[in-house]
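Undergrad: Handing over final.txt, compact mmCIF, C-alpha atoms.
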```txt
# COMPACT_ATOMS: atom_id res chain seq x y z
CA TYR A 1491 217.57 -4.91 255.47
CA PHE A 1492 215.23 -7.76 254.47
CA ALA A 1493 217.92 -10.25 253.44
CA GLU A 1494 217.59 -12.15 256.71
CA THR A 1495 213.86 -12.52 256.15
CA VAL A 1496 213.79 -13.48 252.48
CA THR A 1497 216.72 -15.89 252.68
CA LYS A 1498 215.69 -17.80 255.79
CA ILE A 1499 217.19 -21.28 256.17
CA PRO A 1500 214.27 -23.62 257.00
CA GLY A 1501 214.41 -25.13 260.44
CA THR A 1502 216.91 -22.67 261.90
CA GLY A 1503 214.39 -20.43 263.64
CA THR A 1504 216.65 -17.42 263.01
CA SER A 1505 213.93 -15.42 261.26
CA HIS A 1506 210.39 -15.72 259.96
CA GLN A 1507 209.26 -16.15 256.37
CA VAL A 1508 207.35 -13.09 255.23
CA TYR A 1509 207.52 -13.27 251.44
CA THR A 1510 206.94 -16.24 249.15
CA GLY A 1511 206.86 -16.93 245.45
CA ALA A 1512 207.69 -14.20 242.93
CA MET A 1513 208.05 -11.48 245.57
CA LYS A 1514 210.62 -13.52 247.49
CA TRP A 1515 212.70 -14.33 244.41
CA GLY A 1516 212.37 -10.78 243.11
CA LEU A 1517 213.74 -9.34 246.35
CA MET A 1518 216.55 -11.88 246.44
CA GLY A 1519 217.38 -10.94 242.87
CA CYS A 1520 217.51 -7.25 243.78
CA TYR A 1521 219.85 -7.85 246.70
CA GLY A 1522 221.99 -10.26 244.71
CA SER A 1523 222.32 -7.91 241.75
CA GLY A 1524 223.20 -5.06 244.12
CA ALA A 1525 225.98 -7.16 245.62
CA VAL A 1526 227.27 -8.12 242.16
CA LEU A 1527 227.21 -4.48 241.02
CA ALA A 1528 229.13 -3.33 244.10
CA ALA A 1529 231.71 -6.08 243.66
CA THR A 1530 232.09 -5.29 239.95
CA VAL A 1531 232.64 -1.58 240.57
CA TRP A 1532 235.23 -2.39 243.23
CA ALA A 1533 237.03 -4.87 240.96
CA LYS A 1534 237.19 -2.36 238.10
CA SER A 1535 238.84 0.16 240.42
CA LEU A 1536 241.79 -2.19 240.97
CA PRO A 1537 245.08 -1.92 239.03
CA ASP A 1538 245.18 -4.09 235.93
CA ASP A 1539 247.70 -6.57 237.34
CA VAL A 1540 245.62 -7.09 240.48
CA ARG A 1541 242.29 -7.28 238.64
CA SER A 1542 243.64 -10.10 236.46
CA ASN A 1543 244.51 -12.16 239.55
CA PRO A 1544 241.32 -12.75 241.59
CA LEU A 1545 243.18 -14.99 244.04
CA SER A 1546 244.99 -11.90 245.33
CA TRP A 1547 241.76 -10.05 246.13
CA PRO A 1548 241.13 -11.53 249.62
CA GLY A 1549 244.65 -10.62 250.67
CA ARG A 1550 244.25 -7.11 249.31
CA ILE A 1551 241.00 -6.68 251.25
CA ALA A 1552 242.67 -7.97 254.44
CA ASP A 1553 245.61 -5.60 253.93
CA GLY A 1554 243.29 -2.64 253.40
CA VAL A 1555 241.18 -3.40 256.47
CA SER A 1556 244.29 -3.92 258.61
CA LYS A 1557 245.81 -0.65 257.44
CA SER A 1558 242.59 1.22 258.19
CA LEU A 1559 242.35 -0.24 261.69
CA VAL A 1560 245.87 0.81 262.63
CA SER A 1561 245.29 4.24 261.07
CA LEU A 1562 242.20 5.15 263.11
CA ALA A 1563 244.14 7.49 265.39
CA PRO A 1564 244.33 11.11 264.16
CA ALA A 1565 247.60 12.12 262.52
CA ASN A 1566 247.42 15.53 264.20
CA LYS A 1567 245.92 15.51 267.69
CA ASP A 1568 245.96 19.32 267.72
CA ASP A 1569 243.58 19.45 264.75
CA PRO A 1570 240.02 19.29 266.16
CA VAL A 1571 238.50 18.31 262.81
CA ASN A 1572 241.00 15.46 262.37
CA VAL A 1573 240.24 14.29 265.90
CA LYS A 1574 236.49 14.60 265.27
CA TYR A 1575 236.48 12.25 262.30
CA ALA A 1576 238.90 9.84 263.99
CA LEU A 1577 236.53 9.59 266.96
CA LEU A 1578 233.50 9.22 264.68
CA ALA A 1579 235.14 6.45 262.65
CA THR A 1580 236.09 4.59 265.83
CA SER A 1581 232.68 5.14 267.44
CA PHE A 1582 230.70 4.01 264.40
CA LEU A 1583 232.92 0.93 264.13
CA ALA A 1584 232.31 0.16 267.82
CA PHE A 1585 228.56 0.69 267.32
CA THR A 1586 228.64 -1.78 264.42
CA GLY A 1587 230.33 -4.38 266.61
CA MET A 1588 227.89 -3.78 269.48
CA GLN A 1589 224.87 -4.26 267.23
CA THR A 1590 226.32 -7.31 265.52
CA VAL A 1591 227.76 -9.45 268.31
CA CYS A 1592 226.49 -8.10 271.65
CA ASN A 1593 223.41 -9.31 273.47
CA MET A 1594 220.44 -7.16 274.43
CA PRO A 1595 220.23 -4.50 275.76
CA ILE A 1596 223.74 -3.49 274.58
CA ALA A 1597 222.87 -4.05 270.92
CA VAL A 1598 220.00 -1.54 271.12
CA MET A 1599 221.99 1.37 272.58
CA PRO A 1600 223.35 2.95 269.36
CA SER A 1601 219.96 3.01 267.62
CA TRP A 1602 217.21 2.87 270.29
CA LEU A 1603 215.34 0.60 267.90
CA SER A 1604 213.53 -2.63 268.68
CA ARG A 1605 215.26 -5.92 269.32
CA ARG A 1606 214.82 -7.06 265.71
CA ILE A 1607 215.49 -3.81 263.86
CA SER A 1608 218.49 -2.74 265.95
CA ARG A 1609 220.62 -5.46 264.36
CA LYS A 1610 219.96 -3.98 260.92
CA PHE A 1611 221.13 -0.53 262.03
CA ALA A 1612 224.67 -1.94 261.98
CA LEU A 1613 224.60 -1.41 258.20
CA VAL A 1614 224.09 2.32 258.78
CA THR A 1615 226.86 2.62 261.37
CA LEU A 1616 229.28 0.62 259.19
CA LEU A 1617 228.64 3.09 256.37
CA GLY A 1618 229.17 5.91 258.87
CA ALA A 1619 232.51 4.38 259.91
CA THR A 1620 233.85 4.14 256.36
CA THR A 1621 232.63 7.64 255.47
CA SER A 1622 234.14 9.16 258.62
CA PHE A 1623 237.44 7.40 257.91
CA ASP A 1624 237.49 8.86 254.38
CA LEU A 1625 236.83 12.32 255.83
CA LYS A 1626 239.57 11.82 258.44
CA GLU A 1627 242.07 11.09 255.68
CA ALA A 1628 240.79 14.08 253.71
CA ALA A 1629 241.33 16.32 256.73
CA GLU A 1630 244.88 15.03 257.07
CA SER A 1631 245.66 15.64 253.39
CA GLY A 1632 244.07 19.10 253.31
CA LYS A 1633 241.37 18.09 250.83
CA LEU A 1634 238.39 18.24 253.18
CA LEU A 1635 237.43 21.87 252.55
CA VAL A 1636 238.71 21.93 248.97
CA GLU A 1637 237.20 19.02 247.04
CA SER A 1638 233.43 18.94 246.51
CA ASN A 1639 233.04 15.19 246.99
CA TYR A 1640 234.36 15.45 250.55
CA ARG A 1641 232.08 18.41 251.25
CA THR A 1642 229.16 16.27 250.12
CA LEU A 1643 230.20 13.40 252.38
CA SER A 1644 230.62 15.81 255.29
CA LYS A 1645 227.12 17.19 254.77
CA GLY A 1646 225.78 13.65 254.67
CA VAL A 1647 227.37 12.84 258.03
CA LYS A 1648 225.94 16.03 259.53
CA GLY A 1649 222.54 15.22 258.05
CA PHE A 1650 222.65 11.80 259.66
CA GLY A 1651 223.35 13.40 263.03
CA ALA A 1652 220.45 15.82 262.62
CA LEU A 1653 218.03 13.00 261.73
CA TYR A 1654 219.36 10.85 264.56
CA PHE A 1655 218.61 13.47 267.19
CA ALA A 1656 215.32 14.48 265.59
CA GLY A 1657 214.24 10.86 265.94
CA ARG A 1658 215.43 10.66 269.55
CA SER A 1659 213.61 13.86 270.48
CA GLY A 1660 210.42 12.44 269.01
CA VAL A 1661 210.61 9.58 271.51
CA PHE A 1662 209.74 11.93 274.35
CA PHE A 1663 206.44 12.77 272.65
CA ASP A 1664 205.51 9.09 272.45
CA PRO A 1665 202.71 8.40 274.98
CA SER A 1666 204.27 4.99 275.67
CA PHE A 1667 207.58 6.51 276.82
CA PRO A 1668 209.30 5.37 279.00
CA GLU A 1669 207.25 2.24 279.74
CA HIS A 1670 207.70 0.72 276.28
CA PHE A 1671 211.39 1.64 276.08
CA GLY A 1672 212.48 -0.81 278.76
CA VAL A 1673 215.53 -2.06 276.85
CA VAL A 1674 216.95 1.47 276.52
CA ASN A 1675 216.16 2.26 280.15
CA GLN A 1676 218.21 -0.70 281.32
CA VAL A 1677 221.52 0.96 280.37
CA PRO A 1678 220.83 4.73 280.35
CA GLY A 1679 224.48 5.67 280.79
CA LEU A 1680 225.55 3.80 277.67
CA ALA A 1681 222.61 5.23 275.71
CA VAL A 1682 223.73 8.77 276.65
CA ALA A 1683 227.36 7.96 275.79
CA CYS A 1684 226.35 6.73 272.31
CA ALA A 1685 224.30 9.88 271.75
CA LEU A 1686 227.23 12.08 272.79
CA MET A 1687 229.52 10.40 270.28
CA VAL A 1688 226.97 10.89 267.49
CA ALA A 1689 226.73 14.55 268.53
CA LEU A 1690 230.22 15.02 267.05
CA THR A 1691 228.62 14.76 263.60
CA LEU A 1692 227.08 18.19 264.15
CA ARG A 1693 230.39 19.93 264.79
CA SER A 1694 231.55 22.27 262.03
CA ASP A 1695 234.53 21.32 259.89
CA GLU A 1696 235.97 24.77 260.41
CA LYS A 1697 238.85 24.81 262.88
```
Is it possible to give me this structure as structure tokens?
TA:
Amino acid sequence: YFAETVTKIPGTGTSHQVYTGAMKWGLMGCYGSGAVLAATVWAKSLPDDVRSNPLSWPGRIADGVSKSLVSLAPANKDDPVNVKYALLATSFLAFTGMQTVCNMPIAVMPSWLSRRISRKFALVTLLGATTSFDLKEAAESGKLLVESNYRTLSKGVKGFGALYFAGRSGVFFDPSFPEHFGVVNQVPGLAVACALMVALTLRSDEK
């Protein structure tokens, strides 16, 4: 969340320098080591022949992303749980794109956060997209209600939805509402549509 701040390129004006000295380098070290750890875990999960050929990794990533994109549609449109997670994966992916490349006020709609913080919320929605896609595949293979790891992921998605709406409901108790929520008020229809898609997280996995 703070990578943009602590790794500012001087003269670009893209962010402001908050930390300096040991704090700055310590934070950069934490983020860098986290990235290295994630990459190492991913690499160790690869088959031996692929892991020994790093030049094939970009192609493997591209193939995996392409396969996921063309597999977003539910395998069984008559299965409400399969459809639920397909819609959630697609919605979270769309939210990530909105927050990353769209201008204001569109970028604020999925999160209702400020102009600066709303861009960071794309990390949360990207995680939601990958988790929902995993649960979609689990629903299609019949593992969703059987294996404990998928039950844990499902509870996490539902917990996110509960926190999301708890935060939105708190807005109405803010004395500055709606005057200080001008960006959200500019596109109320889209804000409601985003909330409705997130509401799917609260649906039970029972058919």
Undergrad: Which one of A:Thr1586, A:Ser1659, A:Ser1644, A:Ser1546 sits closest to A:Leu1692 if you count all atoms listed in the file?
TA: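 So, comparing all the options, the nearest one is A:Ser1644.
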Undergrad: If I take atom CA of A:Gly1651 and atom CA of A:Ala1529, how far is one from the other in Å, to one decimal?
TA: 28.7 Å
Undergrad: Find, counting only C-alpha atoms, the residue in A:Leu1653, A:Leu1643, A:Leu1517, A:Ile1551 that gets nearest to A:Ala1619.
TA: A:Leu1643
Undergrad: What's the 10 Å shell around A:Gln1676, counting all atoms listed in the file, without same-chain residues fewer than 6 positions away, as an NGL selection string?
TA: :A and (1594-1596 or 1599)
Undergrad: Between atom CA of A:Gly1618 and atom CA of A:Val1647, what is the spacing in Å?
TA: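 If I compute the distance from atom CA of A:Val1647 to atom CA of A:Gly1618, I get 7.2 Å.
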Undergrad: Quick one, how far is atom CA of A:Val1682 from atom CA of A:Phe1611?
TA: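 So the answer is 17.5 Å.
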Undergrad: Scan for residues within 12 Å of the point (223.4, 2.1, 257.0) in the coordinates of the file, using only C-alpha atoms, and reply as a list in words.
TA: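 Residues with an atom close enough to that point: Tyr1491, Phe1582, Leu1583, Phe1585, Thr1586, Ser1601, Ser1608, Arg1609, Lys1610, Phe1611, Ala1612, Leu1613, Val1614, Thr1615, Leu1616, Leu1617, Gly1618, Ala1619, Thr1620, Thr1621, Val1647 and Phe1650 of chain A.
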Undergrad: Which residue, A:Ala1579, A:Thr1510, A:Thr1590, A:Val1571, has the smallest gap to A:Leu1634 when you use only C-alpha atoms?
TA: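 With only C-alpha atoms as the atom set, the closest residue is A:Val1571.
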Undergrad: Name the residues in contact with stretch 1556-1563 of chain A at a cut-off of 9 Å, using all atoms listed in the file, excluding same-chain residues fewer than 2 positions from it; report them as a list in words.
TA: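 Surrounding residues, per the criterion: Ile1551, Ala1552, Asp1553, Gly1554, Ala1565, Asn1566, Lys1567, Val1573, Ala1576, Leu1577, Ala1579, Thr1580, Phe1623 and Lys1626 of chain A.
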Undergrad: For the point (230.8, 19.8, 264.9) in the file's frame, write as a list in words all residues with an atom no more than 12 Å away, counting all atoms listed in the file.
TA: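 Those within range, by chain then number, are Pro1570, Val1571, Asn1572, Val1573, Lys1574, Tyr1575, Leu1577, Leu1578, Ser1644, Lys1645, Val1647, Lys1648, Gly1649, Gly1651, Ala1652, Leu1686, Met1687, Val1688, Ala1689, Leu1690, Thr1691, Leu1692, Arg1693, Ser1694, Asp1695, Glu1696 and Lys1697 of chain A.
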Undergrad: Missing atoms in stretch 1564-1586 of chain A need filling: write out N, CA, C and O atoms for it as a compact mmCIF listing (two decimals), keeping the file's coordinate frame.
TA:
```
# COMPACT_ATOMS: atom_id res chain seq x y z
N PRO A 1564 244.09 9.91 264.97
CA PRO A 1564 244.33 11.11 264.16
C PRO A 1564 245.81 11.38 263.98
O PRO A 1564 246.61 11.18 264.90
N ALA A 1565 246.20 11.81 262.78
CA ALA A 1565 247.60 12.12 262.52
C ALA A 1565 248.04 13.36 263.29
O ALA A 1565 249.20 13.49 263.67
N ASN A 1566 247.11 14.29 263.49
CA ASN A 1566 247.42 15.53 264.20
C ASN A 1566 246.40 15.72 265.33
O ASN A 1566 245.27 16.10 265.09
N LYS A 1567 246.83 15.42 266.54
CA LYS A 1567 245.92 15.51 267.69
C LYS A 1567 245.57 16.95 268.05
O LYS A 1567 244.65 17.18 268.85
N ASP A 1568 246.27 17.91 267.47
CA ASP A 1568 245.96 19.32 267.72
C ASP A 1568 244.95 19.87 266.72
O ASP A 1568 244.56 21.03 266.80
N ASP A 1569 244.57 19.06 265.75
CA ASP A 1569 243.58 19.45 264.75
C ASP A 1569 242.22 18.91 265.18
O ASP A 1569 241.98 17.71 265.11
N PRO A 1570 241.30 19.77 265.65
CA PRO A 1570 240.02 19.29 266.16
C PRO A 1570 239.17 18.57 265.12
O PRO A 1570 238.41 17.65 265.46
N VAL A 1571 239.29 18.97 263.86
CA VAL A 1571 238.50 18.31 262.81
C VAL A 1571 239.05 16.90 262.54
O VAL A 1571 238.28 15.95 262.37
N ASN A 1572 240.37 16.78 262.53
CA ASN A 1572 241.00 15.46 262.37
C ASN A 1572 240.61 14.54 263.52
O ASN A 1572 240.26 13.37 263.32
N VAL A 1573 240.62 15.07 264.73
CA VAL A 1573 240.24 14.29 265.90
C VAL A 1573 238.76 13.92 265.84
O VAL A 1573 238.36 12.80 266.18
N LYS A 1574 237.94 14.85 265.38
CA LYS A 1574 236.49 14.60 265.27
C LYS A 1574 236.22 13.39 264.40
O LYS A 1574 235.48 12.47 264.81
N TYR A 1575 236.78 13.36 263.21
CA TYR A 1575 236.48 12.25 262.30
C TYR A 1575 237.15 10.95 262.74
O TYR A 1575 236.63 9.86 262.47
N ALA A 1576 238.28 11.05 263.43
CA ALA A 1576 238.90 9.84 263.99
C ALA A 1576 238.00 9.23 265.05
O ALA A 1576 237.79 8.01 265.09
N LEU A 1577 237.45 10.07 265.92
CA LEU A 1577 236.53 9.59 266.96
C LEU A 1577 235.25 9.03 266.35
O LEU A 1577 234.72 8.01 266.81
N LEU A 1578 234.73 9.70 265.32
CA LEU A 1578 233.50 9.22 264.68
C LEU A 1578 233.73 7.86 264.01
O LEU A 1578 232.90 6.96 264.13
N ALA A 1579 234.85 7.72 263.30
CA ALA A 1579 235.14 6.45 262.65
C ALA A 1579 235.25 5.32 263.68
O ALA A 1579 234.69 4.23 263.50
N THR A 1580 235.94 5.60 264.78
CA THR A 1580 236.09 4.59 265.83
C THR A 1580 234.76 4.28 266.50
O THR A 1580 234.43 3.12 266.76
N SER A 1581 233.98 5.33 266.77
CA SER A 1581 232.68 5.14 267.44
C SER A 1581 231.71 4.35 266.56
O SER A 1581 231.06 3.40 267.04
N PHE A 1582 231.60 4.72 265.30
CA PHE A 1582 230.70 4.01 264.40
C PHE A 1582 231.13 2.54 264.24
O PHE A 1582 230.29 1.65 264.13
N LEU A 1583 232.44 2.31 264.23
CA LEU A 1583 232.92 0.93 264.13
C LEU A 1583 232.56 0.16 265.40
O LEU A 1583 232.13 -1.01 265.33
N ALA A 1584 232.69 0.81 266.56
CA ALA A 1584 232.31 0.16 267.82
C ALA A 1584 230.80 -0.10 267.85
O ALA A 1584 230.35 -1.17 268.30
N PHE A 1585 230.01 0.88 267.37
CA PHE A 1585 228.56 0.69 267.32
C PHE A 1585 228.20 -0.52 266.45
O PHE A 1585 227.31 -1.30 266.78
N THR A 1586 228.90 -0.66 265.32
CA THR A 1586 228.64 -1.78 264.42
C THR A 1586 228.91 -3.11 265.13
O THR A 1586 228.12 -4.06 265.02
```
